[in-house]
Amino acid sequence: MALKNMDGKELLFRMALFVVCTLIFLVIAYPLYFIVIASFSDSTLVATGKVLLFPKGLSLFGYKEIFQDSRIWTGYRNTVFYTLFGTLVNMVFTMPAAYVLSRREFKARRVIMFLFVVTMFFNGGLIPTYLLMKDLHITNTVWVFIVPFCVNVFYLIIARTFFESSLPPELYEAAMMDGCSHFKYFVKVALPLSKAMISVIALYYLVGHWNDFFTALVYIRDNNLQPLQIVLRDILLSNQAFQNGAGTGGAAGGYAQRYADQIKYGVIIVSSLPILVLYPFLQKYFEKGVMIGSVKG
């Protein structure tokens, strides 16, 4: 019925729009799809361009080499802990701070917000930061992943804007007449009405912790505390050294090239798969959670 009511120009426009959107989707999705099929394919066929749409010469060589390294499981354990505990700490600090800074009756909110924003543009640099972490005695401990990054100012601004623009003042006035304090209103009213925004910011924090390798690279020396990203980086580096040492000729060189390509694609999948699996379950909150807090009315 809808197609019958369209004139020729409208139908042509919709068809062109569908084609353009499909092409954009393929351009974005194909590289990820190619990495997946390449990680299961014979690397010789991948290197010669024979693997385009479907895996060929199925092989789990790369995954076997990755998971034979016992450090993988230690890295996974550490990363899961840093991600979950770090995200929990982030939310515990960010949400109350955002709520307080959104209250108009809090007179110092503009000054404090200004101090927060300044940190987005100016920082002490790597060496002073390292010296500070060392003086706080949190280098080479799990706390270096948690304490220095407990609040991201950008996410704080998003949450504050949401509380300020999406929760009507009348809601607090009604709760206050029923005897609600600010703390009780925050816990029982503001947070339940902000589930979409909380889900989005929690996902942002979670992805940041999961992908963080620079912190461990600078502050961690104990192998038992290394996150997954550093373990995978070490595997790639050792694999690259093996490839270069084997040369490019003869059976050893061919084996080394195969080893290198299989490891390369497998590492990408191993490091990205948990987040890719989680993302679809939270995707529905993105537009609702972020856009509501960005526009009044």
# chains A, B, ... in the order shown; residues from 1 in each chain; ligands from 1

call {"tool": "residues_around", "arguments": {"residues": "Leu58 (chain A)", "least_positions_apart": "3", "cutoff": "10 Å", "atoms": "only C-alpha atoms", "output": "VMD selection string"}}
result
chain A and resid 37 to 43 55 61

call {"tool": "write_last_selection", "arguments": {"atoms": "N, CA and C atoms", "output": "mmCIF file, in the first residue's frame"}}
result
data_model
loop_
_atom_site.group_PDB
_atom_site.id
_atom_site.type_symbol
_atom_site.label_atom_id
_atom_site.label_comp_id
_atom_site.auth_asym_id
_atom_site.auth_seq_id
_atom_site.Cartn_x
_atom_site.Cartn_y
_atom_site.Cartn_z
ATOM 1 N N ILE A 37 36.907 -14.239 8.727
ATOM 2 C CA ILE A 37 37.108 -15.379 7.825
ATOM 3 C C ILE A 37 38.598 -15.638 7.594
ATOM 4 N N ALA A 38 39.416 -14.572 7.625
ATOM 5 C CA ALA A 38 40.852 -14.759 7.435
ATOM 6 C C ALA A 38 41.482 -15.489 8.610
ATOM 7 N N SER A 39 40.928 -15.298 9.802
ATOM 8 C CA SER A 39 41.494 -15.971 10.972
ATOM 9 C C SER A 39 41.249 -17.472 10.939
ATOM 10 N N PHE A 40 40.267 -17.919 10.136
ATOM 11 C CA PHE A 40 39.967 -19.347 10.009
ATOM 12 C C PHE A 40 40.494 -19.936 8.700
ATOM 13 N N SER A 41 41.109 -19.128 7.849
ATOM 14 C CA SER A 41 41.529 -19.575 6.528
ATOM 15 C C SER A 41 43.031 -19.811 6.480
ATOM 16 N N ASP A 42 43.427 -20.587 5.479
ATOM 17 C CA ASP A 42 44.842 -20.788 5.231
ATOM 18 C C ASP A 42 45.466 -19.444 4.857
ATOM 19 N N SER A 43 46.502 -19.054 5.562
ATOM 20 C CA SER A 43 47.065 -17.718 5.365
ATOM 21 C C SER A 43 47.694 -17.551 3.985
ATOM 22 N N PRO A 55 35.581 -18.386 4.012
ATOM 23 C CA PRO A 55 36.877 -18.956 4.409
ATOM 24 C C PRO A 55 37.260 -20.144 3.530
ATOM 25 N N PHE A 61 45.082 -23.004 13.219
ATOM 26 C CA PHE A 61 46.492 -22.928 13.606
ATOM 27 C C PHE A 61 46.766 -21.700 14.479
#

call {"tool": "select_by_dssp", "arguments": {"residues": "region 45-86 of chain A", "states": "alpha helix (DSSP H)", "output": "PyMOL selection string"}}
result
chain A and resi 45-47+61-67+71-86

call {"tool": "residues_around", "arguments": {"residues": "Arg71 (chain A)", "least_positions_apart": "3", "cutoff": "10 Å", "atoms": "only C-alpha atoms", "output": "list in words"}}
result
Ile66, Phe67, Gln68, Thr74, Gly75, Tyr76, Arg77, Asn223, Asn224, Gln226, Pro227, Leu228, Ile230, Val231, Leu232, Asp234 and Ile235 of chain A

call {"tool": "closest_residue", "arguments": {"among": "A:Ala108, A:Ile127, A:Cys180, A:Met133", "to": "Ile146 (chain A)", "atoms": "only C-alpha atoms"}}
result
A:Met133

call {"tool": "residues_around", "arguments": {"residues": "Leu217 (chain A)", "least_positions_apart": "2", "cutoff": "10 Å", "atoms": "only C-alpha atoms", "output": "PyMOL selection string"}}
result
chain A and resi 212-215+219-221+226-227+229-230

call {"tool": "write_last_selection", "arguments": {"atoms": "C-alpha atoms", "output": "PDB file, in the first residue's frame"}}
result
ATOM      1  CA  ASP A 212      43.539   0.042  27.781  1.00  0.00           C
ATOM      2  CA  PHE A 213      47.105  -1.114  27.260  1.00  0.00           C
ATOM      3  CA  PHE A 214      49.084   2.116  27.701  1.00  0.00           C
ATOM      4  CA  THR A 215      48.543   2.154  31.470  1.00  0.00           C
ATOM      5  CA  TYR A 219      53.113   1.471  35.133  1.00  0.00           C
ATOM      6  CA  ILE A 220      53.090  -2.362  35.314  1.00  0.00           C
ATOM      7  CA  ARG A 221      56.167  -4.600  35.472  1.00  0.00           C
ATOM      8  CA  GLN A 226      49.409  -7.578  32.844  1.00  0.00           C
ATOM      9  CA  PRO A 227      46.053  -7.169  31.040  1.00  0.00           C
ATOM     10  CA  GLN A 229      46.080  -6.322  25.521  1.00  0.00           C
ATOM     11  CA  ILE A 230      49.698  -6.374  26.705  1.00  0.00           C
TER      12      ILE A 230
END

call {"tool": "residues_around", "arguments": {"residues": "region 154-171 of chain A", "least_positions_apart": "3", "cutoff": "10 Å", "atoms": "only C-alpha atoms", "output": "VMD selection string"}}
result
chain A and resid 90 to 91 93 to 104 113 116 to 117 120 151 174 to 176 185 to 186 189 to 191 193 to 194 197 to 198 200 to 202 204 to 205 289 to 297

call {"tool": "closest_residue", "arguments": {"among": "A:Pro274, A:Gly86, A:Gly8, A:Gly57", "to": "Cys150 (chain A)", "atoms": "only C-alpha atoms"}}
result
A:Gly86

call {"tool": "residues_around", "arguments": {"residues": "Gly62 (chain A)", "least_positions_apart": "4", "cutoff": "6 Å", "atoms": "only C-alpha atoms", "output": "list in words"}}
result
Gln262, Ile263 and Gly266 of chain A

call {"tool": "atom_distance", "arguments": {"atom1": "CA of Lys264 (chain A)", "atom2": "CA of Lys56 (chain A)"}}
result
17.2 Å

call {"tool": "residues_around", "arguments": {"residues": "Tyr30 (chain A)", "least_positions_apart": "6", "cutoff": "12 Å", "atoms": "only C-alpha atoms", "output": "PyMOL selection string"}}
result
chain A and resi 22-24+36-38+52-54

call {"tool": "atom_distance", "arguments": {"atom1": "CA of Phe85 (chain A)", "atom2": "CA of Leu225 (chain A)"}}
result
14.5 Å
